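Enquirer: Dropping in my_file-v6.cif, which is mmCIF, C-alpha atoms; chains and numbers go by the auth columns:
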```cif
data_start
loop_
_atom_site.group_PDB
_atom_site.id
_atom_site.type_symbol
_atom_site.label_atom_id
_atom_site.label_comp_id
_atom_site.label_asym_id
_atom_site.label_seq_id
_atom_site.Cartn_x
_atom_site.Cartn_y
_atom_site.Cartn_z
_atom_site.B_iso_or_equiv
_atom_site.auth_seq_id
_atom_site.auth_asym_id
ATOM 1 C CA MET A 1 68.869 99.429 90.127 0.00 30 A
ATOM 2 C CA THR A 2 68.735 98.065 86.575 0.00 31 A
ATOM 3 C CA ARG A 3 67.599 94.545 85.765 0.00 32 A
ATOM 4 C CA GLN A 4 71.168 93.515 84.929 0.00 33 A
ATOM 5 C CA GLU A 5 72.367 94.886 88.274 0.00 34 A
ATOM 6 C CA ILE A 6 69.669 92.827 89.999 0.00 35 A
ATOM 7 C CA ASN A 7 70.763 89.726 88.047 0.00 36 A
ATOM 8 C CA VAL A 8 74.338 90.122 89.272 0.00 37 A
ATOM 9 C CA LEU A 9 73.452 91.113 92.856 0.00 38 A
ATOM 10 C CA ILE A 10 71.185 88.105 93.395 0.00 39 A
ATOM 11 C CA ALA A 11 73.704 85.787 91.696 0.00 40 A
ATOM 12 C CA LYS A 12 76.414 86.970 94.087 0.00 41 A
ATOM 13 C CA ASP A 13 74.059 86.588 97.053 0.00 42 A
ATOM 14 C CA LEU A 14 73.046 83.034 96.158 0.00 43 A
ATOM 15 C CA LEU A 15 76.661 82.008 95.650 0.00 44 A
ATOM 16 C CA LYS A 16 77.765 83.633 98.911 0.00 45 A
ATOM 17 C CA ILE A 17 75.340 81.626 101.041 0.00 46 A
ATOM 18 C CA GLN A 18 75.672 78.497 98.864 0.00 47 A
ATOM 19 C CA ALA A 19 72.006 78.564 97.921 0.00 48 A
ATOM 20 C CA VAL A 20 73.464 77.795 94.504 0.00 49 A
ATOM 21 C CA PHE A 21 76.526 75.594 94.735 0.00 50 A
ATOM 22 C CA PHE A 22 78.599 74.346 91.785 0.00 51 A
ATOM 23 C CA ARG A 23 80.482 71.051 91.969 0.00 52 A
ATOM 24 C CA PRO A 24 81.274 69.964 88.405 0.00 53 A
ATOM 25 C CA GLU A 25 83.978 67.514 89.486 0.00 54 A
ATOM 26 C CA GLU A 26 81.687 65.702 91.951 0.00 55 A
ATOM 27 C CA PRO A 27 78.186 65.942 90.467 0.00 56 A
ATOM 28 C CA PHE A 28 75.040 65.739 92.558 0.00 57 A
ATOM 29 C CA THR A 29 72.477 63.076 91.621 0.00 58 A
ATOM 30 C CA TRP A 30 68.889 64.170 91.083 0.00 59 A
ATOM 31 C CA ALA A 31 65.946 61.917 91.971 0.00 60 A
ATOM 32 C CA SER A 32 65.627 61.173 88.245 0.00 61 A
ATOM 33 C CA GLY A 33 69.173 59.816 88.232 0.00 62 A
ATOM 34 C CA ILE A 34 70.541 62.753 86.216 0.00 63 A
ATOM 35 C CA LYS A 35 74.009 63.883 87.250 0.00 64 A
ATOM 36 C CA SER A 36 74.048 67.608 87.960 0.00 65 A
ATOM 37 C CA PRO A 37 77.010 69.955 88.506 0.00 66 A
ATOM 38 C CA VAL A 38 74.811 72.359 90.467 0.00 67 A
ATOM 39 C CA TYR A 39 72.850 72.229 93.692 0.00 68 A
ATOM 40 C CA CYS A 40 70.152 74.820 94.371 0.00 69 A
ATOM 41 C CA ASP A 41 68.294 75.477 97.626 0.00 70 A
ATOM 42 C CA ASN A 42 66.856 78.980 97.724 0.00 71 A
ATOM 43 C CA ARG A 43 65.258 78.272 101.101 0.00 72 A
ATOM 44 C CA LEU A 44 68.669 79.217 102.495 0.00 73 A
ATOM 45 C CA THR A 45 67.890 82.839 101.591 0.00 74 A
ATOM 46 C CA LEU A 46 65.371 82.884 104.429 0.00 75 A
ATOM 47 C CA THR A 47 68.085 82.288 107.024 0.00 76 A
ATOM 48 C CA ALA A 48 70.387 85.007 105.656 0.00 77 A
ATOM 49 C CA PRO A 49 68.740 88.364 106.526 0.00 78 A
ATOM 50 C CA GLU A 50 70.809 90.556 104.188 0.00 79 A
ATOM 51 C CA VAL A 51 70.289 88.236 101.240 0.00 80 A
ATOM 52 C CA ARG A 52 66.622 87.826 102.127 0.00 81 A
ATOM 53 C CA LEU A 53 66.176 91.606 102.026 0.00 82 A
ATOM 54 C CA ASP A 54 67.883 91.808 98.633 0.00 83 A
ATOM 55 C CA VAL A 55 65.633 89.058 97.277 0.00 84 A
ATOM 56 C CA GLU A 56 62.346 90.453 98.584 0.00 85 A
ATOM 57 C CA ASN A 57 63.139 94.034 97.525 0.00 86 A
ATOM 58 C CA ALA A 58 64.095 92.764 94.076 0.00 87 A
ATOM 59 C CA LEU A 59 60.914 90.692 93.804 0.00 88 A
ATOM 60 C CA ALA A 60 58.819 93.725 94.764 0.00 89 A
ATOM 61 C CA LYS A 61 60.579 95.874 92.176 0.00 90 A
ATOM 62 C CA VAL A 62 60.341 93.316 89.376 0.00 91 A
ATOM 63 C CA ILE A 63 56.685 92.516 90.069 0.00 92 A
ATOM 64 C CA SER A 64 55.784 96.215 90.187 0.00 93 A
ATOM 65 C CA GLU A 65 57.526 96.814 86.853 0.00 94 A
ATOM 66 C CA GLU A 66 56.500 93.668 84.985 0.00 95 A
ATOM 67 C CA TYR A 67 53.009 93.192 86.405 0.00 96 A
ATOM 68 C CA PRO A 68 51.798 96.680 87.414 0.00 97 A
ATOM 69 C CA THR A 69 48.126 95.644 87.615 0.00 98 A
ATOM 70 C CA VAL A 70 48.710 92.778 90.064 0.00 99 A
ATOM 71 C CA GLU A 71 46.113 92.442 92.835 0.00 100 A
ATOM 72 C CA VAL A 72 47.198 89.291 94.689 0.00 101 A
ATOM 73 C CA LEU A 73 50.444 87.338 95.149 0.00 102 A
ATOM 74 C CA MET A 74 50.215 83.562 95.368 0.00 103 A
ATOM 75 C CA GLY A 75 53.153 81.491 96.583 0.00 104 A
ATOM 76 C CA THR A 76 53.956 77.973 95.486 0.00 105 A
ATOM 77 C CA SER A 77 53.977 75.344 98.195 0.00 106 A
ATOM 78 C CA THR A 78 56.194 75.286 100.068 0.00 107 A
ATOM 79 C CA ALA A 79 59.261 77.183 98.872 0.00 108 A
ATOM 80 C CA GLY A 80 57.410 80.190 97.470 0.00 109 A
ATOM 81 C CA ILE A 81 55.167 80.845 100.472 0.00 110 A
ATOM 82 C CA ALA A 82 57.558 82.888 102.614 0.00 111 A
ATOM 83 C CA HIS A 83 58.798 84.925 99.648 0.00 112 A
ATOM 84 C CA ALA A 84 55.238 85.681 98.580 0.00 113 A
ATOM 85 C CA ALA A 85 54.324 86.739 102.117 0.00 114 A
ATOM 86 C CA ILE A 86 57.288 89.072 102.601 0.00 115 A
ATOM 87 C CA THR A 87 56.994 90.576 99.123 0.00 116 A
ATOM 88 C CA ALA A 88 53.239 91.077 99.554 0.00 117 A
ATOM 89 C CA HIS A 89 53.968 92.878 102.825 0.00 118 A
ATOM 90 C CA LEU A 90 56.416 95.209 101.084 0.00 119 A
ATOM 91 C CA MET A 91 53.924 95.861 98.276 0.00 120 A
ATOM 92 C CA GLN A 92 50.921 96.009 100.646 0.00 121 A
ATOM 93 C CA LEU A 93 49.089 93.365 98.638 0.00 122 A
ATOM 94 C CA PRO A 94 46.999 90.356 99.684 0.00 123 A
ATOM 95 C CA MET A 95 48.706 86.982 99.442 0.00 124 A
ATOM 96 C CA GLY A 96 47.926 83.330 99.650 0.00 125 A
ATOM 97 C CA TYR A 97 49.398 80.082 98.469 0.00 126 A
ATOM 98 C CA VAL A 98 48.509 76.994 96.490 0.00 127 A
ATOM 99 C CA ARG A 99 48.872 73.565 98.038 0.00 128 A
ATOM 100 C CA SER A 100 50.290 70.658 96.050 0.00 129 A
ATOM 101 C CA GLY A 101 46.928 68.964 96.573 0.00 130 A
ATOM 102 C CA ALA A 102 43.587 69.717 98.205 0.00 131 A
ATOM 103 C CA LYS A 103 43.292 69.163 101.957 0.00 132 A
ATOM 104 C CA ASP A 104 41.429 66.018 102.995 0.00 133 A
ATOM 105 C CA HIS A 105 39.667 67.796 105.864 0.00 134 A
ATOM 106 C CA GLY A 106 37.903 71.046 106.712 0.00 135 A
ATOM 107 C CA ARG A 107 36.966 73.015 103.601 0.00 136 A
ATOM 108 C CA GLN A 108 39.320 70.856 101.499 0.00 137 A
ATOM 109 C CA ASN A 109 41.022 73.940 100.106 0.00 138 A
ATOM 110 C CA GLN A 110 43.872 73.772 97.641 0.00 139 A
ATOM 111 C CA ILE A 111 44.122 77.561 97.431 0.00 140 A
ATOM 112 C CA GLU A 112 44.752 79.112 100.840 0.00 141 A
ATOM 113 C CA GLY A 113 43.772 82.742 101.303 0.00 142 A
ATOM 114 C CA ARG A 114 40.937 84.733 99.768 0.00 143 A
ATOM 115 C CA LEU A 115 40.858 84.732 95.979 0.00 144 A
ATOM 116 C CA GLU A 116 38.001 86.206 93.968 0.00 145 A
ATOM 117 C CA ALA A 117 37.249 85.180 90.398 0.00 146 A
ATOM 118 C CA GLY A 118 38.780 87.654 87.967 0.00 147 A
ATOM 119 C CA GLN A 119 41.513 88.875 90.317 0.00 148 A
ATOM 120 C CA LYS A 120 44.903 89.471 88.750 0.00 149 A
ATOM 121 C CA VAL A 121 47.493 87.172 90.273 0.00 150 A
ATOM 122 C CA VAL A 122 51.270 86.824 90.159 0.00 151 A
ATOM 123 C CA VAL A 123 52.718 83.487 91.266 0.00 152 A
ATOM 124 C CA VAL A 124 55.887 83.684 93.373 0.00 153 A
ATOM 125 C CA GLU A 125 58.265 80.746 92.935 0.00 154 A
ATOM 126 C CA ASP A 126 61.791 80.168 94.194 0.00 155 A
ATOM 127 C CA LEU A 127 63.154 78.126 91.292 0.00 156 A
ATOM 128 C CA ILE A 128 62.219 77.300 87.697 0.00 157 A
ATOM 129 C CA SER A 129 63.709 74.195 86.091 0.00 158 A
ATOM 130 C CA THR A 130 61.384 72.220 83.803 0.00 159 A
ATOM 131 C CA GLY A 131 58.410 74.371 84.817 0.00 160 A
ATOM 132 C CA GLY A 132 56.159 71.491 85.821 0.00 161 A
ATOM 133 C CA SER A 133 55.369 72.444 89.414 0.00 162 A
ATOM 134 C CA VAL A 134 54.682 76.118 88.751 0.00 163 A
ATOM 135 C CA LEU A 135 52.437 75.279 85.800 0.00 164 A
ATOM 136 C CA GLU A 136 50.339 73.056 88.083 0.00 165 A
ATOM 137 C CA VAL A 137 49.868 76.072 90.377 0.00 166 A
ATOM 138 C CA VAL A 138 48.931 78.311 87.453 0.00 167 A
ATOM 139 C CA ASP A 139 46.378 75.729 86.304 0.00 168 A
ATOM 140 C CA VAL A 140 44.747 75.553 89.757 0.00 169 A
ATOM 141 C CA LEU A 141 44.488 79.358 89.895 0.00 170 A
ATOM 142 C CA ARG A 142 43.058 79.587 86.401 0.00 171 A
ATOM 143 C CA GLN A 143 40.458 76.931 87.226 0.00 172 A
ATOM 144 C CA ALA A 144 39.481 79.071 90.219 0.00 173 A
ATOM 145 C CA GLY A 145 38.827 81.981 87.859 0.00 174 A
ATOM 146 C CA ALA A 146 41.964 84.012 88.514 0.00 175 A
ATOM 147 C CA GLU A 147 43.707 85.958 85.774 0.00 176 A
ATOM 148 C CA VAL A 148 47.300 84.808 86.128 0.00 177 A
ATOM 149 C CA LEU A 149 49.529 87.625 84.884 0.00 178 A
ATOM 150 C CA GLY A 150 52.650 85.499 85.204 0.00 179 A
ATOM 151 C CA VAL A 151 55.348 84.205 87.511 0.00 180 A
ATOM 152 C CA ALA A 152 58.126 85.932 89.444 0.00 181 A
ATOM 153 C CA SER A 153 60.944 83.608 90.487 0.00 182 A
ATOM 154 C CA ILE A 154 64.283 83.988 92.217 0.00 183 A
ATOM 155 C CA PHE A 155 66.287 81.778 89.868 0.00 184 A
ATOM 156 C CA THR A 156 65.779 79.983 86.573 0.00 185 A
ATOM 157 C CA TYR A 157 67.943 77.358 84.935 0.00 186 A
ATOM 158 C CA GLY A 158 66.730 78.537 81.521 0.00 187 A
ATOM 159 C CA MET A 159 66.277 74.923 80.442 0.00 188 A
ATOM 160 C CA LYS A 160 64.752 74.444 76.993 0.00 189 A
ATOM 161 C CA LYS A 161 62.017 72.175 78.316 0.00 190 A
ATOM 162 C CA GLY A 162 60.978 74.732 80.918 0.00 191 A
ATOM 163 C CA ILE A 163 60.964 77.620 78.440 0.00 192 A
ATOM 164 C CA GLU A 164 58.885 75.639 75.948 0.00 193 A
ATOM 165 C CA ARG A 165 56.375 74.444 78.545 0.00 194 A
ATOM 166 C CA LEU A 166 55.816 77.942 79.915 0.00 195 A
ATOM 167 C CA ALA A 167 55.406 79.326 76.397 0.00 196 A
ATOM 168 C CA ALA A 168 52.934 76.584 75.448 0.00 197 A
ATOM 169 C CA ALA A 169 50.824 77.413 78.514 0.00 198 A
ATOM 170 C CA ASN A 170 51.083 81.154 77.757 0.00 199 A
ATOM 171 C CA VAL A 171 52.780 81.838 81.088 0.00 200 A
ATOM 172 C CA LYS A 172 55.293 84.651 81.451 0.00 201 A
ATOM 173 C CA ASN A 173 58.159 84.189 83.903 0.00 202 A
ATOM 174 C CA VAL A 174 60.546 86.850 85.162 0.00 203 A
ATOM 175 C CA SER A 175 63.486 85.684 87.272 0.00 204 A
ATOM 176 C CA LEU A 176 65.811 87.744 89.454 0.00 205 A
ATOM 177 C CA THR A 177 68.813 85.865 88.100 0.00 206 A
ATOM 178 C CA ASN A 178 69.610 82.895 85.892 0.00 207 A
ATOM 179 C CA PHE A 179 72.010 80.016 85.359 0.00 208 A
ATOM 180 C CA ASP A 180 74.232 81.852 82.865 0.00 209 A
ATOM 181 C CA VAL A 181 74.752 84.890 85.107 0.00 210 A
ATOM 182 C CA ILE A 182 75.476 82.763 88.163 0.00 211 A
ATOM 183 C CA ALA A 183 77.987 80.633 86.233 0.00 212 A
ATOM 184 C CA GLU A 184 79.800 83.767 85.060 0.00 213 A
ATOM 185 C CA GLU A 185 79.886 85.252 88.563 0.00 214 A
ATOM 186 C CA ALA A 186 81.031 81.925 90.024 0.00 215 A
ATOM 187 C CA ALA A 187 84.006 81.935 87.657 0.00 216 A
ATOM 188 C CA LYS A 188 84.833 85.586 88.415 0.00 217 A
ATOM 189 C CA GLU A 189 84.812 84.953 92.155 0.00 218 A
ATOM 190 C CA GLY A 190 86.787 81.711 91.990 0.00 219 A
ATOM 191 C CA TYR A 191 84.054 79.243 92.903 0.00 220 A
ATOM 192 C CA ILE A 192 84.687 77.434 89.608 0.00 221 A
ATOM 193 C CA ARG A 193 87.314 77.626 86.863 0.00 222 A
ATOM 194 C CA PRO A 194 86.569 79.818 83.828 0.00 223 A
ATOM 195 C CA GLU A 195 86.826 76.741 81.593 0.00 224 A
ATOM 196 C CA ASP A 196 83.984 75.127 83.585 0.00 225 A
ATOM 197 C CA ILE A 197 81.439 77.639 82.241 0.00 226 A
ATOM 198 C CA SER A 198 81.054 75.922 78.869 0.00 227 A
ATOM 199 C CA ARG A 199 80.540 72.564 80.607 0.00 228 A
ATOM 200 C CA LEU A 200 77.862 74.054 82.836 0.00 229 A
ATOM 201 C CA ILE A 201 76.057 75.578 79.871 0.00 230 A
ATOM 202 C CA ARG A 202 76.138 72.196 78.102 0.00 231 A
ATOM 203 C CA PHE A 203 74.454 70.673 81.145 0.00 232 A
ATOM 204 C CA ARG A 204 71.856 73.455 81.187 0.00 233 A
ATOM 205 C CA ASP A 205 71.094 72.914 77.498 0.00 234 A
ATOM 206 C CA ASN A 206 70.649 69.143 77.847 0.00 235 A
ATOM 207 C CA PRO A 207 70.685 67.775 81.432 0.00 236 A
ATOM 208 C CA SER A 208 70.119 64.187 80.271 0.00 237 A
ATOM 209 C CA ASP A 209 73.360 64.207 78.257 0.00 238 A
ATOM 210 C CA ALA A 210 76.149 63.442 80.735 0.00 239 A
ATOM 211 C CA SER A 211 78.903 64.298 78.247 0.00 240 A
ATOM 212 C CA TRP A 212 79.296 67.684 79.971 0.00 241 A
ATOM 213 C CA ALA A 213 81.103 65.822 82.784 0.00 242 A
ATOM 214 C CA GLU A 214 83.863 64.624 80.445 0.00 243 A
ATOM 215 C CA LEU A 215 87.074 66.611 80.741 0.00 244 A
#
```
Would you write the structure of this file as structure tokens?
Expert:
Amino acid sequence: MTRQEINVLIAKDLLKIQAVFFRPEEPFTWASGIKSPVYCDNRLTLTAPEVRLDVENALAKVISEEYPTVEVLMGTSTAGIAHAAITAHLMQLPMGYVRSGAKDHGRQNQIEGRLEAGQKVVVVEDLISTGGSVLEVVDVLRQAGAEVLGVASIFTYGMKKGIERLAAANVKNVSLTNFDVIAEEAAKEGYIRPEDISRLIRFRDNPSDASWAEL
């Protein structure tokens, strides 16, 4: 399966189970107050076995191709943990995960699972928006002495801020699908109107500018 075929397959899967759901006429409100025409919850892939299999097989393929020297998969907490575990099983690799903060008891770990200094790590994430959360994970792993090869994610918005932040931190990200592909497939399959695509792209390019919502 080519990368473009993976992009389309995963886009169709996410739309089918409403892991990505477009509602341009009745926008969702983010915690920041930004009005968004799209809702994304890739945790729903875990409760859809066929979609889950597509996602994990695609992650294994992409990681093998893009990061052939990988030695350990590390999931982000909490959404990336299950995907990292299943993909690591398919690839027969060790895995662990990075907590959002160190535990306040026991060994006070922030990194769970065995990680040796110098090991080559790929971070598994479900969603990339502005890149902030995944970059925190990368920083923790680097401080622990890991060589972070990059990130493998299910979906990326392709937001300018996220792209720039990842580039500034010298972090490569490869996603199974992206906002543009999902918008196109949503229009093809009747989830949205074809004329909504340009509005969605305007939102993606500048989420803080609510003019996309104007008809």
Enquirer: Suppose a student applies the PyMOL selection byres ((chain A and resi 158) around 6) to this structure; what residues should they get, written as a ChimeraX atom specification?
Expert: /A:157,159-160,186,191
Enquirer: Set up a box along x, y and z of the file covering all listed atoms of segment 76-88 of chain A, add 3 Å on every one of the six sides, and write the centre and edge lengths in Å to one decimal, as lines of an AutoDock Vina configuration file.
Expert:
```
center_x = 65.9
center_y = 88.2
center_z = 100.4
size_x = 15.9
size_y = 17.7
size_z = 19.2
```
Enquirer: List the spatial neighbours of segment 116-127 of chain A as an MDAnalysis selection string - criterion: any atom at most 8 Å away, only C-alpha atoms, same-chain residues fewer than 5 positions off excluded.
Expert: chainID A and resid 85:86 88:89 100:106 110 139:143 166 169
Enquirer: Now that the selection is made, can you save its residues with C-alpha atoms as a tab-separated table (two decimals), in the coordinates of the input?
Expert:
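Output saved as part_21.tsv:
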```tsv
chain	number	residue	atom	x	y	z
A	85	GLU	CA	62.35	90.45	98.58
A	86	ASN	CA	63.14	94.03	97.52
A	88	LEU	CA	60.91	90.69	93.80
A	89	ALA	CA	58.82	93.72	94.76
A	100	GLU	CA	46.11	92.44	92.84
A	101	VAL	CA	47.20	89.29	94.69
A	102	LEU	CA	50.44	87.34	95.15
A	103	MET	CA	50.22	83.56	95.37
A	104	GLY	CA	53.15	81.49	96.58
A	105	THR	CA	53.96	77.97	95.49
A	106	SER	CA	53.98	75.34	98.20
A	110	ILE	CA	55.17	80.84	100.47
A	139	GLN	CA	43.87	73.77	97.64
A	140	ILE	CA	44.12	77.56	97.43
A	141	GLU	CA	44.75	79.11	100.84
A	142	GLY	CA	43.77	82.74	101.30
A	143	ARG	CA	40.94	84.73	99.77
A	166	VAL	CA	49.87	76.07	90.38
A	169	VAL	CA	44.75	75.55	89.76
```
Enquirer: Pick out the residues sitting within 9 Å of Cys69 of chain A, and hand them over as a PyMOL selection string; count only C-alpha atoms, and ignore anything fewer than 4 positions along from it in its own chain.
Expert: chain A and resi 43+47-51+156
Enquirer: Taking all atoms listed in the file into account, which of A:Gly179, A:Pro53, A:Gly174, A:Pro78 comes nearest Tyr96 of chain A?
Expert: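 Distance minimum relative to Tyr96 of chain A lands on A:Gly179.
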Enquirer: Using only C-alpha atoms, which of A:Ser93, A:Ser227, A:Asn207, A:Thr98 sits nearest Gln148 of chain A?
Expert: A:Thr98
